[in-house]
>>> print(open('coords22.pdb').read())   # PDB, C-alpha atoms, pLDDT in the B column
ATOM      1  CA  MET A   1     -11.892  -9.014  34.627  1.00 85.00           C
ATOM      2  CA  LYS A   2     -10.340 -10.870  31.683  1.00 93.00           C
ATOM      3  CA  TYR A   3     -11.546  -9.995  28.178  1.00 95.00           C
ATOM      4  CA  LEU A   4     -11.389 -12.082  25.023  1.00 96.00           C
ATOM      5  CA  ILE A   5     -11.027  -9.999  21.871  1.00 96.00           C
ATOM      6  CA  LYS A   6     -12.567 -12.113  19.122  1.00 97.00           C
ATOM      7  CA  ILE A   7     -11.807 -12.094  15.424  1.00 97.00           C
ATOM      8  CA  ASN A   8     -14.529 -10.674  13.197  1.00 97.00           C
ATOM      9  CA  LEU A   9     -15.442 -13.776  11.158  1.00 95.00           C
ATOM     10  CA  LYS A  10     -16.515 -11.674   8.172  1.00 96.00           C
ATOM     11  CA  THR A  11     -12.979 -10.270   7.806  1.00 96.00           C
ATOM     12  CA  ILE A  12     -11.135 -13.599   7.522  1.00 96.00           C
ATOM     13  CA  LYS A  13      -9.514 -13.922   4.121  1.00 96.00           C
ATOM     14  CA  LYS A  14      -7.063 -16.504   2.851  1.00 95.00           C
ATOM     15  CA  ASN A  15      -3.858 -14.823   1.636  1.00 95.00           C
ATOM     16  CA  LYS A  16      -2.958 -15.718  -1.931  1.00 94.00           C
ATOM     17  CA  ASP A  17       0.715 -15.036  -1.168  1.00 92.00           C
ATOM     18  CA  PHE A  18       0.751 -17.268   1.929  1.00 95.00           C
ATOM     19  CA  GLY A  19       4.287 -18.217   2.935  1.00 93.00           C
ATOM     20  CA  ASN A  20       6.038 -15.707   0.696  1.00 94.00           C
ATOM     21  CA  TYR A  21       8.828 -13.879   2.434  1.00 95.00           C
ATOM     22  CA  GLN A  22       9.666 -11.482  -0.389  1.00 94.00           C
ATOM     23  CA  SER A  23       7.561  -8.841  -2.089  1.00 92.00           C
ATOM     24  CA  ILE A  24       8.299  -7.078  -5.337  1.00 93.00           C
ATOM     25  CA  ILE A  25       7.366  -3.417  -5.084  1.00 94.00           C
ATOM     26  CA  PRO A  26       7.191  -1.072  -8.079  1.00 94.00           C
ATOM     27  CA  THR A  27       9.297   2.059  -7.604  1.00 92.00           C
ATOM     28  CA  ASN A  28      10.101   4.761 -10.110  1.00 88.00           C
ATOM     29  CA  LYS A  29       9.543   4.450 -13.810  1.00 88.00           C
ATOM     30  CA  THR A  30      11.487   6.026 -16.599  1.00 91.00           C
ATOM     31  CA  ILE A  31       9.890   7.173 -19.825  1.00 92.00           C
ATOM     32  CA  LYS A  32      12.350   7.724 -22.647  1.00 94.00           C
ATOM     33  CA  PHE A  33      11.213   9.515 -25.764  1.00 91.00           C
ATOM     34  CA  GLU A  34      12.640  10.022 -29.213  1.00 91.00           C
ATOM     35  CA  PHE A  35      11.143  12.573 -31.549  1.00 86.00           C
ATOM     36  CA  GLU A  36      12.109  12.935 -35.205  1.00 83.00           C
ATOM     37  CA  GLY A  37      10.329  15.338 -37.494  1.00 78.00           C
ATOM     38  CA  THR A  38      10.405  18.429 -39.630  1.00 71.00           C
ATOM     39  CA  SER A  39       9.132  20.596 -36.802  1.00 74.00           C
ATOM     40  CA  ASN A  40      10.375  21.075 -33.265  1.00 79.00           C
ATOM     41  CA  LEU A  41       8.640  19.607 -30.197  1.00 83.00           C
ATOM     42  CA  PRO A  42       5.255  21.123 -29.302  1.00 85.00           C
ATOM     43  CA  ASP A  43       5.275  24.046 -26.817  1.00 86.00           C
ATOM     44  CA  TYR A  44       3.880  21.923 -24.002  1.00 88.00           C
ATOM     45  CA  PHE A  45       7.277  20.158 -23.738  1.00 89.00           C
ATOM     46  CA  LYS A  46       8.913  22.263 -21.034  1.00 91.00           C
ATOM     47  CA  PRO A  47      12.545  21.188 -20.397  1.00 89.00           C
ATOM     48  CA  ASP A  48      13.398  20.738 -16.678  1.00 88.00           C
ATOM     49  CA  ASN A  49       9.691  21.081 -15.860  1.00 91.00           C
ATOM     50  CA  ASN A  50       7.946  18.104 -17.468  1.00 91.00           C
ATOM     51  CA  CYS A  51      10.798  16.629 -19.537  1.00 89.00           C
ATOM     52  CA  ILE A  52      14.566  16.406 -19.726  1.00 90.00           C
ATOM     53  CA  ILE A  53      16.228  16.824 -23.122  1.00 89.00           C
ATOM     54  CA  VAL A  54      19.457  14.809 -23.394  1.00 90.00           C
ATOM     55  CA  GLU A  55      20.115  15.210 -27.115  1.00 86.00           C
ATOM     56  CA  SER A  56      18.835  17.702 -29.662  1.00 84.00           C
ATOM     57  CA  ILE A  57      20.116  17.639 -33.225  1.00 80.00           C
ATOM     58  CA  LYS A  58      18.973  19.974 -35.966  1.00 78.00           C
ATOM     59  CA  LYS A  59      19.781  18.437 -39.371  1.00 73.00           C
ATOM     60  CA  PHE A  60      20.124  20.479 -42.530  1.00 72.00           C
ATOM     61  CA  GLU A  61      19.716  18.002 -45.341  1.00 67.00           C
ATOM     62  CA  ILE A  62      17.138  18.477 -48.115  1.00 71.00           C
ATOM     63  CA  LYS A  63      14.944  20.147 -45.521  1.00 73.00           C
ATOM     64  CA  VAL A  64      15.374  20.957 -41.846  1.00 74.00           C
ATOM     65  CA  SER A  65      14.610  18.076 -39.501  1.00 78.00           C
ATOM     66  CA  TYR A  66      14.963  17.531 -35.774  1.00 82.00           C
ATOM     67  CA  LEU A  67      16.071  14.553 -33.706  1.00 85.00           C
ATOM     68  CA  ILE A  68      15.340  15.061 -30.005  1.00 86.00           C
ATOM     69  CA  LYS A  69      15.863  12.471 -27.264  1.00 91.00           C
ATOM     70  CA  GLY A  70      15.049  12.737 -23.608  1.00 92.00           C
ATOM     71  CA  TYR A  71      12.927  11.682 -20.669  1.00 93.00           C
ATOM     72  CA  ILE A  72       9.342  12.540 -19.799  1.00 91.00           C
ATOM     73  CA  ILE A  73       9.069  13.297 -16.079  1.00 91.00           C
ATOM     74  CA  SER A  74       5.376  14.208 -15.920  1.00 89.00           C
ATOM     75  CA  GLU A  75       2.403  11.859 -16.159  1.00 88.00           C
ATOM     76  CA  ASP A  76       0.404  14.751 -17.675  1.00 91.00           C
ATOM     77  CA  LEU A  77       2.908  15.127 -20.512  1.00 90.00           C
ATOM     78  CA  LEU A  78       2.861  11.384 -21.159  1.00 88.00           C
ATOM     79  CA  LYS A  79      -0.946  11.423 -21.320  1.00 89.00           C
ATOM     80  CA  LYS A  80      -0.886  14.414 -23.669  1.00 88.00           C
ATOM     81  CA  CYS A  81       1.579  12.649 -26.022  1.00 85.00           C
ATOM     82  CA  ILE A  82      -0.694   9.599 -26.144  1.00 84.00           C
ATOM     83  CA  ASP A  83      -3.971  11.546 -26.433  1.00 85.00           C
ATOM     84  CA  GLU A  84      -2.702  13.764 -29.250  1.00 82.00           C
ATOM     85  CA  LYS A  85      -1.133  10.787 -31.030  1.00 79.00           C
ATOM     86  CA  LEU A  86       2.105  12.706 -31.280  1.00 79.00           C
ATOM     87  CA  ASN A  87       4.562  11.023 -33.631  1.00 80.00           C
ATOM     88  CA  ILE A  88       6.981  10.149 -30.853  1.00 87.00           C
ATOM     89  CA  ASN A  89       8.641   6.892 -29.820  1.00 90.00           C
ATOM     90  CA  LEU A  90       8.108   6.133 -26.155  1.00 91.00           C
ATOM     91  CA  GLU A  91       9.879   3.537 -24.025  1.00 92.00           C
ATOM     92  CA  LEU A  92       8.524   2.917 -20.542  1.00 91.00           C
ATOM     93  CA  ASN A  93      10.645   1.058 -17.986  1.00 93.00           C
ATOM     94  CA  GLN A  94       9.154   0.220 -14.584  1.00 93.00           C
ATOM     95  CA  ASN A  95      11.738  -0.341 -11.867  1.00 92.00           C
ATOM     96  CA  TYR A  96      11.166  -2.650  -8.907  1.00 95.00           C
ATOM     97  CA  ILE A  97      12.774  -3.474  -5.598  1.00 95.00           C
ATOM     98  CA  THR A  98      12.567  -6.748  -3.724  1.00 95.00           C
ATOM     99  CA  VAL A  99      11.814  -6.479  -0.017  1.00 95.00           C
ATOM    100  CA  ASP A 100      12.446  -9.321   2.455  1.00 96.00           C
ATOM    101  CA  HIS A 101       9.946  -9.650   5.312  1.00 94.00           C
ATOM    102  CA  PHE A 102       8.405 -12.191   7.649  1.00 95.00           C
ATOM    103  CA  PRO A 103       6.431 -14.891   5.810  1.00 95.00           C
ATOM    104  CA  ILE A 104       2.921 -13.808   4.870  1.00 94.00           C
ATOM    105  CA  PRO A 105       0.429 -15.579   7.151  1.00 95.00           C
ATOM    106  CA  GLU A 106      -2.165 -17.954   5.761  1.00 96.00           C
ATOM    107  CA  TYR A 107      -5.046 -15.661   6.775  1.00 96.00           C
ATOM    108  CA  SER A 108      -5.600 -11.946   7.260  1.00 96.00           C
ATOM    109  CA  TYR A 109      -8.322 -10.747   9.618  1.00 97.00           C
ATOM    110  CA  LYS A 110      -9.447  -7.981  11.974  1.00 97.00           C
ATOM    111  CA  TYR A 111     -10.508  -8.109  15.580  1.00 97.00           C
ATOM    112  CA  ILE A 112     -13.894  -6.955  16.871  1.00 97.00           C
ATOM    113  CA  ASN A 113     -13.728  -3.571  18.587  1.00 97.00           C
ATOM    114  CA  THR A 114     -14.667  -4.727  22.098  1.00 96.00           C
ATOM    115  CA  LEU A 115     -15.916  -2.668  25.049  1.00 96.00           C
ATOM    116  CA  LEU A 116     -13.507  -2.863  28.024  1.00 96.00           C
ATOM    117  CA  VAL A 117     -13.259  -1.312  31.479  1.00 96.00           C
ATOM    118  CA  CYS A 118      -9.936   0.150  32.646  1.00 96.00           C
ATOM    119  CA  ASN A 119      -8.697  -1.458  35.883  1.00 95.00           C
ATOM    120  CA  ASN A 120      -7.224   1.879  36.976  1.00 95.00           C
ATOM    121  CA  CYS A 121      -9.868   4.571  36.258  1.00 96.00           C
ATOM    122  CA  ASN A 122     -12.924   2.308  35.668  1.00 96.00           C
ATOM    123  CA  ASN A 123     -13.783   4.178  32.451  1.00 96.00           C
ATOM    124  CA  LYS A 124     -15.300   2.271  29.552  1.00 97.00           C
ATOM    125  CA  ILE A 125     -12.967   2.125  26.557  1.00 96.00           C
ATOM    126  CA  LYS A 126     -12.911   0.346  23.201  1.00 97.00           C
ATOM    127  CA  SER A 127     -10.151  -2.137  22.428  1.00 96.00           C
ATOM    128  CA  ASP A 128      -9.279  -0.218  19.231  1.00 96.00           C
ATOM    129  CA  ASP A 129      -8.605   2.884  21.360  1.00 96.00           C
ATOM    130  CA  LEU A 130      -5.900   1.233  23.470  1.00 95.00           C
ATOM    131  CA  LYS A 131      -2.521   2.917  23.077  1.00 94.00           C
ATOM    132  CA  SER A 132       0.968   1.502  23.156  1.00 91.00           C
ATOM    133  CA  ASP A 133       3.860   3.109  24.980  1.00 89.00           C
ATOM    134  CA  GLU A 134       7.301   2.413  26.323  1.00 86.00           C
ATOM    135  CA  PHE A 135       8.713   3.561  29.641  1.00 81.00           C
ATOM    136  CA  TYR A 136      12.429   2.850  30.015  1.00 84.00           C
ATOM    137  CA  ASP A 137      12.611  -0.827  29.076  1.00 84.00           C
ATOM    138  CA  TYR A 138       8.941  -1.624  29.781  1.00 86.00           C
ATOM    139  CA  TYR A 139       6.495  -1.789  26.847  1.00 88.00           C
ATOM    140  CA  SER A 140       2.715  -2.081  26.918  1.00 88.00           C
ATOM    141  CA  ASP A 141       0.162  -2.208  24.126  1.00 91.00           C
ATOM    142  CA  LYS A 142      -2.649  -1.892  26.663  1.00 94.00           C
ATOM    143  CA  VAL A 143      -2.347   1.749  27.735  1.00 93.00           C
ATOM    144  CA  CYS A 144      -5.635   3.383  28.732  1.00 95.00           C
ATOM    145  CA  PRO A 145      -6.510   6.283  26.390  1.00 95.00           C
ATOM    146  CA  LYS A 146      -8.280   8.069  29.277  1.00 95.00           C
ATOM    147  CA  CYS A 147      -5.866   7.853  32.233  1.00 94.00           C
ATOM    148  CA  GLY A 148      -2.646   6.567  30.629  1.00 92.00           C
ATOM    149  CA  ALA A 149      -2.323   3.523  32.876  1.00 92.00           C
ATOM    150  CA  PHE A 150      -0.054   0.754  31.544  1.00 92.00           C
ATOM    151  CA  ASP A 151      -1.632  -2.709  31.228  1.00 93.00           C
ATOM    152  CA  CYS A 152      -5.009  -1.180  32.074  1.00 94.00           C
ATOM    153  CA  CYS A 153      -6.943  -4.366  31.360  1.00 94.00           C
ATOM    154  CA  ASP A 154      -6.389  -8.088  31.063  1.00 94.00           C
ATOM    155  CA  ILE A 155      -7.077  -9.123  27.483  1.00 95.00           C
ATOM    156  CA  THR A 156      -6.445 -12.154  25.324  1.00 95.00           C
ATOM    157  CA  TYR A 157      -6.770 -12.224  21.558  1.00 95.00           C
ATOM    158  CA  GLU A 158      -8.566 -15.096  19.869  1.00 96.00           C
ATOM    159  CA  SER A 159      -6.328 -17.264  17.706  1.00 96.00           C
ATOM    160  CA  ILE A 160      -7.079 -17.683  14.024  1.00 96.00           C
ATOM    161  CA  GLU A 161      -7.425 -21.454  14.594  1.00 96.00           C
ATOM    162  CA  ASN A 162     -10.230 -20.921  17.114  1.00 95.00           C
ATOM    163  CA  ALA A 163     -11.908 -18.344  14.868  1.00 95.00           C
ATOM    164  CA  LEU A 164     -11.862 -20.804  11.948  1.00 95.00           C
ATOM    165  CA  ILE A 165     -13.469 -23.473  14.148  1.00 94.00           C
ATOM    166  CA  ARG A 166     -16.094 -20.944  15.220  1.00 92.00           C
ATOM    167  CA  LYS A 167     -16.697 -19.991  11.589  1.00 90.00           C
ATOM    168  CA  SER A 168     -16.936 -23.635  10.547  1.00 89.00           C
ATOM    169  CA  ASN A 169     -19.472 -24.352  13.314  1.00 85.00           C
ATOM    170  CA  LYS A 170     -21.498 -21.291  12.341  1.00 76.00           C
ATOM    171  CA  ASN A 171     -21.619 -22.465   8.702  1.00 68.00           C
ATOM    172  CA  THR A 172     -22.586 -25.988   9.821  1.00 63.00           C
ATOM    173  CA  TYR A 173     -25.547 -24.623  11.789  1.00 57.00           C
ATOM    174  CA  LYS A 174     -26.609 -22.512   8.816  1.00 56.00           C
ATOM    175  CA  SER A 175     -26.729 -25.557   6.564  1.00 50.00           C
ATOM    176  CA  PHE A 176     -29.166 -27.275   8.965  1.00 51.00           C
ATOM    177  CA  ASN A 177     -31.467 -24.245   9.043  1.00 48.00           C
ATOM    178  CA  LEU A 178     -32.478 -24.431   5.398  1.00 45.00           C
TER     179      LEU A 178
END
>>> encode(input="coords22.pdb", output="structure tokens")
Amino acid sequence: MKYLIKINLKTIKKNKDFGNYQSIIPTNKTIKFEFEGTSNLPDYFKPDNNCIIVESIKKFEIKVSYLIKGYIISEDLLKKCIDEKLNINLELNQNYITVDHFPIPEYSYKYINTLLVCNNCNNKIKSDDLKSDEFYDYYSDKVCPKCGAFDCCDITYESIENALIRKSNKNTYKSFNL
């Protein structure tokens, strides 16, 4: 028996980035800090644990003052500095990478989980439960989850064009049933 796996019409969404073949992905961020004051950093600054100190100068002018520069490596420490309104200069730099990929399709969608019968063991299985496997140079994405048979059923997936026609017809019929 041949099965048609249809697209769930409720899941069809138009992609705002349709046609793009590059994505910009945020990676690590660096948080530099500079502290200048008459007291040292609070005790919750723990070097090599939640911060890295790169420069620490103790000045002896009219009164003792500190100049400390470094990096915050903990989100908790950053939040604490902001919440306590610590007199500290912060500089946040978000780094990004650009990834090349296949063009983003016009629509994203999901298929309906369809009940199938395995041609080998005759067990009922769901289309979402099908496995994929490779044996030497033979690949199948229709491996029965019960008996392991390759190409256990004959299926075709509905095209997005046909699903859009079906959706359009469904909406047309709705408008007549006011």
>>> atom_distance(input="coords22.pdb", atom1="atom CA of A:Gly148", atom2="atom CA of A:Asp129")
11.6 Å
>>> residues_around(input="coords22.pdb", residues="A:Lys29", least_positions_apart="4", cutoff="10 Å", atoms="only C-alpha atoms", output="PDB file with C-alpha atoms, in the coordinates of the input")
ATOM      1  CA  ILE A  73       9.069  13.297 -16.079  1.00 91.00           C
ATOM      2  CA  LEU A  92       8.524   2.917 -20.542  1.00 91.00           C
ATOM      3  CA  ASN A  93      10.645   1.058 -17.986  1.00 93.00           C
ATOM      4  CA  GLN A  94       9.154   0.220 -14.584  1.00 93.00           C
ATOM      5  CA  ASN A  95      11.738  -0.341 -11.867  1.00 92.00           C
ATOM      6  CA  TYR A  96      11.166  -2.650  -8.907  1.00 95.00           C
TER       7      TYR A  96
END
>>> closest_residue(input="coords22.pdb", among="A:Lys63, A:Val117, A:Glu91, A:Ala163", to="A:Val143", atoms="all atoms listed in the file")
A:Val117
>>> atom_distance(input="coords22.pdb", atom1="atom CA of A:Asp151", atom2="atom CA of A:Phe135")
12.2 Å
>>> atom_distance(input="coords22.pdb", atom1="atom CA of A:Thr98", atom2="atom CA of A:Lys16")
18.0 Å
>>> build_atoms(input="coords22.pdb", residues="stretch 28-44 of chain A", atoms="N, CA and C atoms", output="PDB file, keeping the file's coordinate frame")
ATOM      1  N   ASN A  28      10.194   3.749  -9.060  1.00 88.00           N
ATOM      2  CA  ASN A  28      10.101   4.761 -10.110  1.00 88.00           C
ATOM      3  C   ASN A  28      10.031   4.128 -11.499  1.00 88.00           C
ATOM      4  N   LYS A  29       9.534   4.899 -12.417  1.00 88.00           N
ATOM      5  CA  LYS A  29       9.543   4.450 -13.810  1.00 88.00           C
ATOM      6  C   LYS A  29      10.215   5.526 -14.646  1.00 88.00           C
ATOM      7  N   THR A  30      10.857   5.080 -15.680  1.00 91.00           N
ATOM      8  CA  THR A  30      11.487   6.026 -16.599  1.00 91.00           C
ATOM      9  C   THR A  30      10.771   5.941 -17.940  1.00 91.00           C
ATOM     10  N   ILE A  31      10.557   7.106 -18.530  1.00 92.00           N
ATOM     11  CA  ILE A  31       9.890   7.173 -19.825  1.00 92.00           C
ATOM     12  C   ILE A  31      10.837   7.901 -20.778  1.00 92.00           C
ATOM     13  N   LYS A  32      11.473   7.131 -21.636  1.00 94.00           N
ATOM     14  CA  LYS A  32      12.350   7.724 -22.647  1.00 94.00           C
ATOM     15  C   LYS A  32      11.505   8.101 -23.857  1.00 94.00           C
ATOM     16  N   PHE A  33      11.896   9.175 -24.518  1.00 91.00           N
ATOM     17  CA  PHE A  33      11.213   9.515 -25.764  1.00 91.00           C
ATOM     18  C   PHE A  33      12.251   9.845 -26.818  1.00 91.00           C
ATOM     19  N   GLU A  34      11.832   9.633 -28.056  1.00 91.00           N
ATOM     20  CA  GLU A  34      12.640  10.022 -29.213  1.00 91.00           C
ATOM     21  C   GLU A  34      11.686  10.623 -30.229  1.00 91.00           C
ATOM     22  N   PHE A  35      11.993  11.845 -30.620  1.00 86.00           N
ATOM     23  CA  PHE A  35      11.143  12.573 -31.549  1.00 86.00           C
ATOM     24  C   PHE A  35      11.973  12.899 -32.787  1.00 86.00           C
ATOM     25  N   GLU A  36      11.441  12.591 -33.952  1.00 83.00           N
ATOM     26  CA  GLU A  36      12.109  12.935 -35.205  1.00 83.00           C
ATOM     27  C   GLU A  36      11.053  13.512 -36.136  1.00 83.00           C
ATOM     28  N   GLY A  37      11.310  14.705 -36.613  1.00 78.00           N
ATOM     29  CA  GLY A  37      10.329  15.338 -37.494  1.00 78.00           C
ATOM     30  C   GLY A  37      10.845  16.615 -38.100  1.00 78.00           C
ATOM     31  N   THR A  38      10.013  17.195 -38.941  1.00 71.00           N
ATOM     32  CA  THR A  38      10.405  18.429 -39.630  1.00 71.00           C
ATOM     33  C   THR A  38      10.076  19.660 -38.796  1.00 71.00           C
ATOM     34  N   SER A  39       9.395  19.478 -37.703  1.00 74.00           N
ATOM     35  CA  SER A  39       9.132  20.596 -36.802  1.00 74.00           C
ATOM     36  C   SER A  39       9.737  20.272 -35.438  1.00 74.00           C
ATOM     37  N   ASN A  40       9.852  21.266 -34.612  1.00 79.00           N
ATOM     38  CA  ASN A  40      10.375  21.075 -33.265  1.00 79.00           C
ATOM     39  C   ASN A  40       9.292  20.455 -32.378  1.00 79.00           C
ATOM     40  N   LEU A  41       9.626  20.134 -31.143  1.00 83.00           N
ATOM     41  CA  LEU A  41       8.640  19.607 -30.197  1.00 83.00           C
ATOM     42  C   LEU A  41       7.550  20.632 -29.935  1.00 83.00           C
ATOM     43  N   PRO A  42       6.331  20.182 -29.653  1.00 85.00           N
ATOM     44  CA  PRO A  42       5.255  21.123 -29.302  1.00 85.00           C
ATOM     45  C   PRO A  42       5.632  21.962 -28.067  1.00 85.00           C
ATOM     46  N   ASP A  43       4.976  23.108 -27.912  1.00 86.00           N
ATOM     47  CA  ASP A  43       5.275  24.046 -26.817  1.00 86.00           C
ATOM     48  C   ASP A  43       5.031  23.461 -25.428  1.00 86.00           C
ATOM     49  N   TYR A  44       4.163  22.467 -25.330  1.00 88.00           N
ATOM     50  CA  TYR A  44       3.880  21.923 -24.002  1.00 88.00           C
ATOM     51  C   TYR A  44       5.011  21.043 -23.468  1.00 88.00           C
TER      52      TYR A  44
END
